[in-house]
>>> print(open('data.cif').read())   # mmCIF, C-alpha atoms
data_target
#
loop_
_atom_site.label_atom_id
_atom_site.label_comp_id
_atom_site.auth_asym_id
_atom_site.auth_seq_id
_atom_site.Cartn_x
_atom_site.Cartn_y
_atom_site.Cartn_z
CA MET U 20 85.07 122.32 73.63
CA LEU U 21 85.53 118.97 71.78
CA GLY U 22 81.79 118.46 71.68
CA GLY U 23 81.45 118.74 75.45
CA ARG U 24 84.34 116.46 76.34
CA VAL U 25 86.15 119.40 77.95
CA LYS U 26 83.94 121.45 80.28
CA THR U 27 85.40 121.64 83.76
CA LEU U 28 89.13 121.23 83.06
CA HIS U 29 89.84 124.96 83.34
CA PRO U 30 91.98 127.14 85.65
CA ARG U 31 88.93 129.21 86.65
CA ILE U 32 87.38 126.10 88.15
CA HIS U 33 90.39 124.25 89.52
CA ALA U 34 92.05 127.38 90.92
CA ALA U 35 88.76 128.19 92.66
CA ILE U 36 88.76 124.71 94.20
CA LEU U 37 92.46 124.41 95.07
CA ALA U 38 93.07 127.92 96.46
CA ARG U 39 94.12 127.86 100.10
CA ARG U 40 92.20 130.55 101.98
CA ASP U 41 95.02 131.00 104.52
CA HIS U 42 97.68 131.66 101.83
CA PRO U 43 97.78 135.33 100.77
CA ASP U 44 99.52 134.47 97.50
CA ASP U 45 96.67 132.09 96.54
CA LEU U 46 94.04 134.73 97.32
CA ALA U 47 95.99 137.37 95.40
CA ALA U 48 96.13 135.10 92.36
CA LEU U 49 92.36 134.63 92.51
CA ASP U 50 91.85 138.41 92.71
CA GLU U 51 94.26 138.99 89.81
CA HIS U 52 92.27 136.69 87.54
CA GLY U 53 88.84 137.55 88.88
CA ILE U 54 88.15 134.04 90.19
CA GLU U 55 85.64 133.44 92.98
CA PRO U 56 86.64 130.62 95.37
CA ILE U 57 84.46 127.49 95.48
CA ASP U 58 83.53 126.18 98.93
CA LEU U 59 81.66 122.99 98.01
CA VAL U 60 81.97 120.60 95.08
CA ALA U 61 79.13 118.13 94.47
CA VAL U 62 79.78 115.66 91.66
CA SER U 63 77.88 112.62 90.42
CA LEU U 64 80.35 110.69 88.29
CA TYR U 65 79.37 109.29 84.89
CA PRO U 66 77.82 105.83 85.48
CA PHE U 67 80.67 103.89 83.91
CA SER U 68 80.02 100.52 85.58
CA GLN U 69 76.30 100.56 84.80
CA ILE U 70 76.86 101.32 81.11
CA ALA U 71 79.99 99.17 80.58
CA GLY U 72 78.27 96.24 82.30
CA ARG U 73 75.29 96.20 79.93
CA TYR U 74 75.00 93.30 77.55
CA GLY U 75 76.15 94.21 74.03
CA VAL U 76 77.43 97.70 74.88
CA SER U 77 79.99 98.95 72.36
CA GLU U 78 83.54 99.84 73.36
CA GLU U 79 82.96 103.40 72.12
CA ASP U 80 79.89 103.86 74.36
CA ALA U 81 81.74 102.44 77.36
CA VAL U 82 84.75 104.69 76.83
CA GLU U 83 82.51 107.76 76.61
CA MET U 84 81.33 106.98 80.13
CA ILE U 85 84.84 107.45 81.55
CA ASP U 86 84.55 110.66 83.57
CA ILE U 87 87.65 112.88 83.54
CA GLY U 88 86.54 116.24 84.90
CA GLY U 89 84.39 114.82 87.70
CA PRO U 90 87.14 112.85 89.45
CA SER U 91 89.55 115.76 88.91
CA MET U 92 87.23 118.20 90.69
CA LEU U 93 86.53 115.74 93.51
CA ARG U 94 90.21 115.02 94.04
CA GLY U 95 91.06 118.72 94.03
CA ALA U 96 88.36 119.49 96.56
CA ALA U 97 89.40 116.51 98.71
CA LYS U 98 93.03 117.64 98.67
CA ASN U 99 91.91 121.10 99.82
CA PHE U 100 89.42 119.72 102.38
CA ALA U 101 90.66 122.29 104.92
CA HIS U 102 88.68 124.86 102.94
CA VAL U 103 86.45 122.92 100.50
CA ALA U 104 83.86 120.18 100.94
CA PRO U 105 83.86 117.39 98.30
CA VAL U 106 80.48 115.63 98.00
CA CYS U 107 80.19 112.54 95.79
CA ARG U 108 77.12 110.72 97.15
CA SER U 109 73.61 112.12 97.00
CA GLN U 110 72.80 110.24 100.21
CA ARG U 111 74.96 112.83 101.97
CA TYR U 112 72.92 115.82 100.81
CA PRO U 113 70.38 115.91 103.69
CA GLN U 114 73.11 115.66 106.34
CA ILE U 115 75.21 118.37 104.69
CA LEU U 116 72.25 120.72 104.20
CA LYS U 117 71.24 120.25 107.83
CA GLU U 118 74.72 121.16 109.06
CA LEU U 119 74.97 124.17 106.74
CA ARG U 120 71.58 125.47 107.86
CA SER U 121 72.48 125.00 111.50
CA ASN U 122 76.05 126.32 111.51
CA GLY U 123 76.50 128.21 108.25
CA ALA U 124 79.53 126.04 107.42
CA LEU U 125 80.75 122.46 107.56
CA SER U 126 83.04 121.37 110.37
CA GLU U 127 86.58 120.20 109.68
CA GLU U 128 85.57 116.71 110.84
CA THR U 129 82.78 116.59 108.26
CA ARG U 130 85.06 117.89 105.49
CA ARG U 131 87.75 115.36 106.39
CA GLY U 132 85.21 112.54 106.26
CA LEU U 133 83.92 113.77 102.89
CA ALA U 134 87.51 113.91 101.60
CA ALA U 135 88.11 110.29 102.57
CA GLU U 136 84.87 109.29 100.88
CA ALA U 137 85.80 111.23 97.73
CA PHE U 138 89.20 109.59 97.39
CA ALA U 139 87.67 106.16 98.05
CA THR U 140 85.03 106.83 95.41
CA THR U 141 87.50 107.97 92.75
CA ALA U 142 89.78 105.02 93.59
CA ALA U 143 86.88 102.59 93.13
CA TYR U 144 85.89 104.36 89.93
CA GLU U 145 89.40 104.05 88.50
CA ALA U 146 89.53 100.41 89.64
CA ALA U 147 86.32 99.65 87.74
CA ILE U 148 87.73 101.23 84.59
CA ALA U 149 91.05 99.40 84.97
CA THR U 150 89.20 96.11 85.51
CA TRP U 151 87.21 96.72 82.32
CA PHE U 152 90.38 97.37 80.28
CA LEU U 153 92.09 94.36 81.85
CA GLY U 154 89.04 92.17 81.32
CA ARG U 155 90.67 90.27 78.49
CA GLU U 156 93.29 88.95 80.92
CA SER U 157 92.25 86.14 83.26
CA PHE U 158 94.73 87.14 85.97
CA PRO U 159 96.21 90.59 85.24
CA GLU U 160 99.45 91.87 86.74
CA LEU U 161 97.50 94.31 88.90
CA PHE U 162 94.30 93.06 90.52
CA ILE U 163 92.14 95.85 91.94
CA PRO U 164 88.87 94.67 93.52
CA SER U 165 86.54 97.30 94.92
CA PHE U 166 83.82 96.90 97.54
CA ARG U 167 81.10 99.20 98.91
CA LYS U 168 79.73 98.87 102.42
CA VAL U 169 76.20 97.50 102.62
CA ALA U 170 75.84 97.35 106.38
CA ASP U 171 77.67 97.63 109.67
CA LEU U 172 77.39 94.43 111.70
CA ALA U 173 77.04 94.14 115.45
CA TYR U 174 80.27 92.12 115.58
CA GLY U 175 82.25 89.50 113.66
CA GLU U 176 82.51 85.76 114.18
CA ASN U 177 83.00 86.51 117.87
CA PRO U 178 81.80 89.47 119.96
CA HIS U 179 85.29 90.96 120.36
CA GLN U 180 85.72 91.31 116.55
CA ARG U 181 84.41 94.37 114.69
CA ALA U 182 82.72 93.67 111.33
CA ALA U 183 80.85 95.06 108.33
CA TYR U 184 79.39 93.62 105.14
CA TYR U 185 80.63 94.89 101.75
CA ALA U 186 79.35 94.08 98.29
CA GLU U 187 81.75 93.96 95.37
CA ALA U 188 81.39 96.94 93.08
CA GLY U 189 79.99 95.95 89.70
CA ALA U 190 78.81 92.52 90.91
CA ARG U 191 75.58 91.50 89.17
CA ARG U 192 74.29 90.23 92.48
CA HIS U 193 75.48 89.50 95.99
CA VAL U 194 74.22 87.57 99.00
CA LEU U 195 71.70 90.29 99.95
CA SER U 196 70.87 91.75 96.54
CA ARG U 197 67.14 91.62 95.79
CA VAL U 198 66.62 90.22 99.28
CA GLU U 199 64.08 91.85 101.60
CA GLN U 200 64.11 91.19 105.32
CA VAL U 201 60.49 91.18 106.47
CA HIS U 202 61.01 90.15 110.09
CA GLY U 203 63.58 89.49 112.77
CA ARG U 204 66.75 90.83 114.26
CA GLN U 205 69.64 92.36 112.36
CA LEU U 206 71.62 89.85 110.33
CA SER U 207 74.94 88.96 111.90
CA PHE U 208 78.35 88.11 110.42
CA ASN U 209 77.75 84.40 110.98
CA ASN U 210 74.20 84.65 109.58
CA LEU U 211 75.55 86.12 106.33
CA ASN U 212 78.34 83.57 106.08
CA ASP U 213 75.85 80.72 106.56
CA LEU U 214 73.33 82.34 104.20
CA SER U 215 75.93 82.57 101.44
CA ALA U 216 76.78 78.86 101.84
CA ALA U 217 73.09 77.91 101.79
CA ARG U 218 72.26 79.98 98.72
CA ARG U 219 75.25 78.62 96.79
CA LEU U 220 74.21 75.04 97.44
CA LEU U 221 70.52 75.72 96.79
CA GLY U 222 71.49 77.08 93.36
CA GLU U 223 72.50 73.55 92.33
CA PHE U 224 68.87 72.41 92.14
CA GLN U 225 65.86 73.20 89.95
CA LEU U 226 63.35 70.85 91.62
CA PRO U 227 61.85 71.81 95.00
CA ALA U 228 64.85 71.78 97.32
CA CYS U 229 65.76 72.64 100.88
CA VAL U 230 69.22 73.32 102.33
CA ILE U 231 69.93 73.54 106.05
CA VAL U 232 73.27 75.03 107.05
CA LYS U 233 75.13 75.31 110.34
CA HIS U 234 78.59 76.84 110.69
CA ALA U 235 78.79 77.45 106.92
CA THR U 236 78.38 73.79 105.99
CA ALA U 237 75.31 71.78 105.08
CA CYS U 238 73.88 69.45 107.71
CA GLY U 239 70.80 68.45 105.70
CA VAL U 240 69.72 68.69 102.06
CA GLY U 241 66.56 67.36 100.45
CA VAL U 242 65.01 67.39 96.99
CA ALA U 243 61.41 66.25 96.45
CA ALA U 244 58.19 66.81 94.56
CA SER U 245 57.09 69.51 97.03
CA ILE U 246 58.94 72.01 99.18
CA GLU U 247 57.28 70.62 102.31
CA GLU U 248 58.63 67.15 101.55
CA ALA U 249 62.05 68.57 100.69
CA PHE U 250 62.17 70.32 104.09
CA GLY U 251 61.15 67.13 105.83
CA LYS U 252 64.03 65.27 104.20
CA ALA U 253 66.57 68.00 104.98
CA HIS U 254 65.47 68.38 108.60
CA ASP U 255 65.27 64.66 109.31
CA ALA U 256 68.74 64.14 107.85
CA ASP U 257 70.23 65.56 111.05
CA PRO U 258 67.56 67.05 113.34
CA VAL U 259 70.05 67.71 116.14
CA SER U 260 72.32 69.86 113.98
CA ALA U 261 69.28 71.57 112.43
CA TYR U 262 68.53 73.29 115.75
CA GLY U 263 69.21 77.02 115.19
CA MET U 264 69.41 76.46 111.43
CA VAL U 265 69.91 78.76 108.48
CA LEU U 266 67.26 77.49 106.08
CA ALA U 267 67.12 78.10 102.32
CA LEU U 268 64.10 77.13 100.21
CA ASN U 269 63.54 77.53 96.47
CA ARG U 270 59.73 77.46 96.56
CA PRO U 271 57.10 79.68 98.28
CA VAL U 272 56.03 78.97 101.86
CA GLY U 273 52.30 78.41 102.30
CA ALA U 274 50.18 78.81 105.44
CA GLU U 275 50.39 75.21 106.66
CA PHE U 276 54.11 74.97 105.94
CA GLY U 277 54.67 78.29 107.72
CA HIS U 278 52.94 76.87 110.80
CA GLU U 279 55.33 73.89 110.69
CA LEU U 280 58.38 76.16 110.39
CA ALA U 281 57.17 78.35 113.25
CA ALA U 282 57.50 75.34 115.55
CA LYS U 283 61.25 75.04 114.79
CA PHE U 284 64.17 77.08 116.12
CA ILE U 285 65.31 78.89 112.97
CA GLU U 286 67.95 81.63 112.93
CA VAL U 287 67.42 82.63 109.28
CA VAL U 288 64.97 81.47 106.62
CA ILE U 289 64.97 82.59 102.99
CA ALA U 290 62.38 81.70 100.35
CA PRO U 291 60.98 83.26 97.16
CA GLU U 292 57.67 84.09 98.85
CA PHE U 293 55.74 83.69 102.11
CA ASP U 294 51.97 83.43 102.34
CA ASP U 295 50.47 86.17 104.57
CA ALA U 296 49.17 83.56 106.98
CA ALA U 297 52.61 81.90 107.06
CA LEU U 298 54.26 85.22 107.90
CA GLU U 299 51.76 85.96 110.63
CA THR U 300 52.50 82.63 112.30
CA MET U 301 56.27 82.78 111.84
CA ARG U 302 56.53 86.35 113.16
CA ALA U 303 55.58 85.03 116.58
CA LYS U 304 59.27 84.12 116.90
CA GLU U 305 60.86 87.53 117.44
CA ALA U 306 64.41 86.40 116.73
CA THR U 307 63.78 84.53 113.45
CA ARG U 308 65.13 86.50 110.52
CA ILE U 309 62.73 86.05 107.59
CA LEU U 310 64.09 86.94 104.15
CA VAL U 311 62.25 87.11 100.84
CA ASP U 312 64.43 86.26 97.84
CA ARG U 313 63.17 88.34 94.92
CA GLU U 314 65.94 87.16 92.59
CA ARG U 315 64.45 85.32 89.63
CA ARG U 316 67.70 84.38 87.92
CA ARG U 317 68.59 80.91 89.15
CA GLY U 318 71.94 79.20 89.43
CA GLU U 319 75.24 80.71 90.51
CA LEU U 320 77.40 83.12 88.56
CA SER U 321 80.96 82.12 87.74
CA GLU U 322 82.43 84.87 89.92
CA ARG U 323 86.00 84.87 91.16
CA GLU U 324 86.68 83.62 94.67
CA TYR U 325 89.08 85.30 97.09
CA LYS U 326 90.86 83.87 100.11
CA ARG U 327 93.03 86.00 102.36
CA VAL U 328 96.45 84.68 103.30
CA ILE U 329 99.12 86.48 105.33
CA GLY U 330 99.83 89.71 103.49
CA GLY U 331 98.16 88.56 100.28
CA LEU U 332 95.18 87.24 98.40
CA LEU U 333 94.53 83.97 96.60
CA VAL U 334 92.24 84.43 93.60
CA GLN U 335 90.59 81.66 91.62
CA ASP U 336 87.66 80.97 89.31
CA GLY U 337 84.53 79.86 91.11
CA ASP U 338 83.80 76.12 91.13
CA ARG U 339 80.57 76.58 89.18
CA GLU U 340 80.85 74.37 86.09
CA VAL U 341 78.04 71.89 85.68
CA ASP U 342 79.21 68.30 86.12
CA ASP U 343 77.91 66.52 83.03
CA ARG U 344 76.99 62.86 83.40
CA SER U 345 78.21 62.26 79.86
CA MET U 346 81.73 63.18 81.00
CA MET U 347 81.68 60.56 83.77
CA ASP U 348 82.60 56.88 83.57
CA LEU U 349 80.85 53.97 85.23
CA VAL U 350 83.93 51.89 86.15
CA ALA U 351 82.26 49.21 88.26
CA GLY U 352 78.85 47.58 88.46
CA GLU U 353 75.59 48.92 87.07
CA ALA U 354 73.52 51.95 88.03
CA THR U 355 69.79 52.42 87.54
CA GLU U 356 68.34 55.84 86.76
CA ALA U 357 67.32 56.17 90.40
CA THR U 358 70.88 55.39 91.47
CA TRP U 359 72.27 57.94 89.00
CA GLY U 360 69.86 60.50 90.44
CA ASP U 361 71.13 59.90 93.95
CA LEU U 362 74.76 59.91 92.79
CA LEU U 363 74.45 63.27 91.02
CA PHE U 364 72.52 64.70 93.97
CA ALA U 365 75.23 63.60 96.43
CA TRP U 366 77.96 64.86 94.11
CA ARG U 367 76.41 68.35 93.93
CA VAL U 368 76.08 68.53 97.71
CA CYS U 369 79.63 67.25 98.18
CA LYS U 370 80.97 70.19 96.18
CA HIS U 371 79.81 72.51 98.98
CA VAL U 372 81.06 70.50 101.97
CA VAL U 373 84.43 71.37 103.52
CA SER U 374 87.21 68.99 102.47
CA ASN U 375 87.86 66.19 103.09
CA ALA U 376 84.20 65.73 102.25
CA ILE U 377 81.99 62.64 102.21
CA VAL U 378 78.24 62.75 101.54
CA ILE U 379 75.96 59.72 101.94
CA ALA U 380 72.55 60.09 100.31
CA LYS U 381 69.43 58.04 99.74
CA ASP U 382 66.30 58.93 97.77
CA LEU U 383 67.51 62.53 97.18
CA GLN U 384 68.15 63.08 100.88
CA THR U 385 71.48 63.47 102.64
CA ILE U 386 71.60 60.97 105.48
CA GLY U 387 75.22 61.44 106.55
CA ILE U 388 77.81 64.18 105.95
CA GLY U 389 81.44 64.04 107.04
CA GLY U 390 83.40 67.20 106.28
CA GLY U 391 86.49 69.11 107.31
CA GLN U 392 88.52 66.02 108.19
CA THR U 393 92.23 65.48 107.64
CA SER U 394 91.58 61.81 106.88
CA ARG U 395 89.14 60.66 104.24
CA VAL U 396 88.56 57.44 106.16
CA ASP U 397 87.53 59.50 109.18
CA ALA U 398 85.16 61.51 106.96
CA VAL U 399 83.53 58.24 105.81
CA ARG U 400 83.30 57.00 109.39
CA ILE U 401 81.67 60.25 110.58
CA ALA U 402 79.17 60.26 107.71
CA LEU U 403 78.13 56.67 108.51
CA GLU U 404 77.88 57.43 112.23
CA LYS U 405 75.72 60.47 111.49
CA ALA U 406 73.38 58.36 109.39
CA ARG U 407 72.97 55.69 112.06
CA GLU U 408 72.69 58.24 114.87
CA HIS U 409 69.53 59.63 113.34
CA GLY U 410 67.94 56.34 112.35
CA HIS U 411 68.99 56.23 108.69
CA ASP U 412 69.95 52.86 107.27
CA PRO U 413 72.92 53.18 104.87
CA GLN U 414 71.76 50.03 103.12
CA GLY U 415 71.05 50.98 99.49
CA SER U 416 72.51 54.47 99.81
CA VAL U 417 75.16 56.17 97.66
CA LEU U 418 78.37 57.91 98.65
CA ALA U 419 80.11 60.93 97.12
CA SER U 420 83.74 61.86 97.79
CA ASP U 421 85.02 65.32 96.80
CA ALA U 422 88.48 63.97 95.89
CA PHE U 423 89.82 60.58 94.91
CA ILE U 424 89.64 57.72 97.37
CA PRO U 425 93.33 56.83 97.81
CA PHE U 426 92.93 53.40 99.40
CA ALA U 427 90.27 50.72 99.53
CA ASP U 428 89.81 51.10 103.31
CA GLY U 429 87.47 54.10 103.11
CA ALA U 430 85.38 52.48 100.39
CA ALA U 431 85.32 49.22 102.34
CA LEU U 432 83.73 50.92 105.36
CA ALA U 433 80.95 52.27 103.16
CA LEU U 434 80.44 49.01 101.26
CA GLU U 435 80.24 47.01 104.47
CA ALA U 436 77.52 49.40 105.66
CA GLY U 437 75.47 48.70 102.52
CA VAL U 438 76.36 51.59 100.21
CA ARG U 439 75.30 50.49 96.71
CA ALA U 440 77.20 53.06 94.62
CA ILE U 441 80.11 55.46 95.00
CA ILE U 442 80.92 58.58 92.98
CA GLN U 443 84.42 60.06 93.14
CA PRO U 444 86.94 61.79 90.85
CA GLY U 445 89.28 58.84 90.44
CA GLY U 446 92.93 59.28 89.57
CA ALA U 447 94.59 57.66 92.57
CA LYS U 448 97.56 55.31 92.22
CA ARG U 449 95.50 52.51 93.73
CA ASP U 450 92.34 53.08 91.70
CA GLU U 451 92.39 49.47 90.57
CA GLU U 452 92.31 48.22 94.17
CA VAL U 453 89.40 50.51 95.04
CA VAL U 454 87.44 49.55 91.91
CA GLU U 455 88.06 45.86 92.60
CA ALA U 456 86.76 46.21 96.16
CA VAL U 457 83.58 47.81 94.78
CA LYS U 458 83.15 45.01 92.24
CA GLN U 459 83.65 42.33 94.90
CA ALA U 460 80.89 43.94 96.95
CA GLY U 461 78.54 43.92 93.95
CA SER U 462 78.24 47.70 94.03
CA ALA U 463 78.81 50.43 91.43
CA MET U 464 81.40 53.18 91.10
CA VAL U 465 81.51 56.30 88.94
CA PHE U 466 84.60 58.35 88.12
CA THR U 467 83.84 62.04 87.50
CA HIS U 468 87.40 63.01 86.47
CA ARG U 469 86.91 66.26 88.38
CA ARG U 470 87.48 66.99 92.05
CA HIS U 471 85.75 69.54 94.29
CA PHE U 472 88.11 70.55 97.08
CA ARG U 473 86.74 73.31 99.29
CA HIS U 474 88.89 74.56 102.15
#
>>> encode(input="data.cif", output="structure tokens")
Amino acid sequence: MLGGRVKTLHPRIHAAILARRDHPDDLAALDEHGIEPIDLVAVSLYPFSQIAGRYGVSEEDAVEMIDIGGPSMLRGAAKNFAHVAPVCRSQRYPQILKELRSNGALSEETRRGLAAEAFATTAAYEAAIATWFLGRESFPELFIPSFRKVADLAYGENPHQRAAYYAEAGARRHVLSRVEQVHGRQLSFNNLNDLSAARRLLGEFQLPACVIVKHATACGVGVAASIEEAFGKAHDADPVSAYGMVLALNRPVGAEFGHELAAKFIEVVIAPEFDDAALETMRAKEATRILVDRERRRGELSEREYKRVIGGLLVQDGDREVDDRSMMDLVAGEATEATWGDLLFAWRVCKHVVSNAIVIAKDLQTIGIGGGQTSRVDAVRIALEKAREHGHDPQGSVLASDAFIPFADGAALALEAGVRAIIQPGGAKRDEEVVEAVKQAGSAMVFTHRRHFRH
């Protein structure tokens, strides 16, 4: 009735699902009304998320995709799992058919597992609908994220920790969406964590770019006219840390470049395409995980970010807004176009380095990165030491700081080393002292009026 809106909400169906076969009163009621019991319920829910997530879909069309009878039947069958099998995923069909053909019935263990899966599926379905209705609120009173398992992992950050990878339901893409692994061992927890960091940072650049990540932070970034040159810059930035790298490239890998990569110790490499000859050479390294990124939409989505705390969850907007040069102020000295290019490059990299973060760059190459320090002066010192350690002269370089430089001491270290320009948010009580120190050194300073903490 109601044009098909009401089909399965009927006592003949729900009594047949909910009847307990070991309760004589239930069986008598079925006999009285001529109802045959149902032993298995297979339901594919209306594709609400797929329809509601389409661009330009009307509210009426989205609402019509809210399944009522399907979840009701699944929940009823799951409640009565002692006698009924609820099936909500077509991937289960072969397994269930095999067991039925072998044993004539499904075991209690199988039915219990199917019940858990059914309740999880209906919960996620309701969460997606609630999220859609609450979409007009930035931070609703009830926040109900939902995730579906993509893969079991061998272990977590350490071998004694169990782990799995889940993708957020309804997400337009995730770290492995449209990614094909064409060679290598199974991806690990740490591989995926590093890969996510590398792909986020790589999304900052349109020109040929290379990002090398270790322990979820960049150790080398390069932008150049060719992907080969970009890799050279990124690798030479810190060749020691690059050993066992997670490598992200935004251009195809040709035969000659593949031969060069095959000579390096690479844990994971991802690129839009690999030449057949490149793959043949690189596959000689059994352990190297080679991933093809088939995603053609560039840049990062402004998805929410989650951070677990004891007994709770911190939720925030992603730090994805483009930092516009027109919103920045040159507060000391002068900057050529080349200097501006290096400043913006360093600033984009700095956004992805753990705070306190300092990035020293020269000619679109990171030459020193100091991150995760409790003192900003220490971060500057580490970045300078990194540069010198690997033969990079800070003279004529630029420096980016993810948050304001509170005192002139950190800037002084950089200026004494030959840094020609500094980019930082500004806003400290002693800004005037810092700016004056930069002027005295004959260097330049840019205030972005935006900070990029990442903890």
>>> residues_around(input="data.cif", residues="Thr141 (chain U)", least_positions_apart="6", cutoff="9 Å", atoms="all atoms listed in the file", output="list in words")
Leu64, Pro90, Ser91, Leu93 and Arg94 of chain U
>>> resolve_selection(input="data.cif", expression="the PyMOL selection byres ((chain U and resi 105) around 7)", output="PyMOL selection string")
chain U and resi 59-61+93+96-97+103-104+106-107+133-134+137
>>> write_last_selection(input="data.cif", atoms="C-alpha atoms", output="mmCIF file, in the coordinates of the input")
data_model
loop_
_atom_site.group_PDB
_atom_site.id
_atom_site.type_symbol
_atom_site.label_atom_id
_atom_site.label_comp_id
_atom_site.auth_asym_id
_atom_site.auth_seq_id
_atom_site.Cartn_x
_atom_site.Cartn_y
_atom_site.Cartn_z
ATOM 1 C CA LEU U 59 81.660 122.990 98.010
ATOM 2 C CA VAL U 60 81.970 120.600 95.080
ATOM 3 C CA ALA U 61 79.130 118.130 94.470
ATOM 4 C CA LEU U 93 86.530 115.740 93.510
ATOM 5 C CA ALA U 96 88.360 119.490 96.560
ATOM 6 C CA ALA U 97 89.400 116.510 98.710
ATOM 7 C CA VAL U 103 86.450 122.920 100.500
ATOM 8 C CA ALA U 104 83.860 120.180 100.940
ATOM 9 C CA VAL U 106 80.480 115.630 98.000
ATOM 10 C CA CYS U 107 80.190 112.540 95.790
ATOM 11 C CA LEU U 133 83.920 113.770 102.890
ATOM 12 C CA ALA U 134 87.510 113.910 101.600
ATOM 13 C CA ALA U 137 85.800 111.230 97.730
#
>>> closest_residue(input="data.cif", among="U:Glu356, U:Glu286, U:Asp382, U:Glu145", to="Leu214 (chain U)", atoms="all atoms listed in the file")
U:Glu286
>>> atom_distance(input="data.cif", atom1="CA of Arg204 (chain U)", atom2="CA of Val288 (chain U)")
12.2 Å
>>> residues_around(input="data.cif", residues="Ala188 (chain U)", least_positions_apart="2", cutoff="7 Å", atoms="only C-alpha atoms", output="list in words")
Ser165, Phe166, Arg167, Ala186 and Ala190 of chain U
>>> resolve_selection(input="data.cif", expression="the PyMOL selection byres ((chain U and resi 416) around 9)", output="JSON, numbers by chain")
{"U": [358, 361, 379, 380, 381, 382, 386, 412, 413, 414, 415, 417, 418, 437, 438, 439, 440]}
>>> write_last_selection(input="data.cif", atoms="C-alpha atoms", output="CSV table (one decimal), in the coordinates of the input")
chain,number,residue,atom,x,y,z
U,358,THR,CA,70.9,55.4,91.5
U,361,ASP,CA,71.1,59.9,94.0
U,379,ILE,CA,76.0,59.7,101.9
U,380,ALA,CA,72.6,60.1,100.3
U,381,LYS,CA,69.4,58.0,99.7
U,382,ASP,CA,66.3,58.9,97.8
U,386,ILE,CA,71.6,61.0,105.5
U,412,ASP,CA,70.0,52.9,107.3
U,413,PRO,CA,72.9,53.2,104.9
U,414,GLN,CA,71.8,50.0,103.1
U,415,GLY,CA,71.0,51.0,99.5
U,417,VAL,CA,75.2,56.2,97.7
U,418,LEU,CA,78.4,57.9,98.6
U,437,GLY,CA,75.5,48.7,102.5
U,438,VAL,CA,76.4,51.6,100.2
U,439,ARG,CA,75.3,50.5,96.7
U,440,ALA,CA,77.2,53.1,94.6
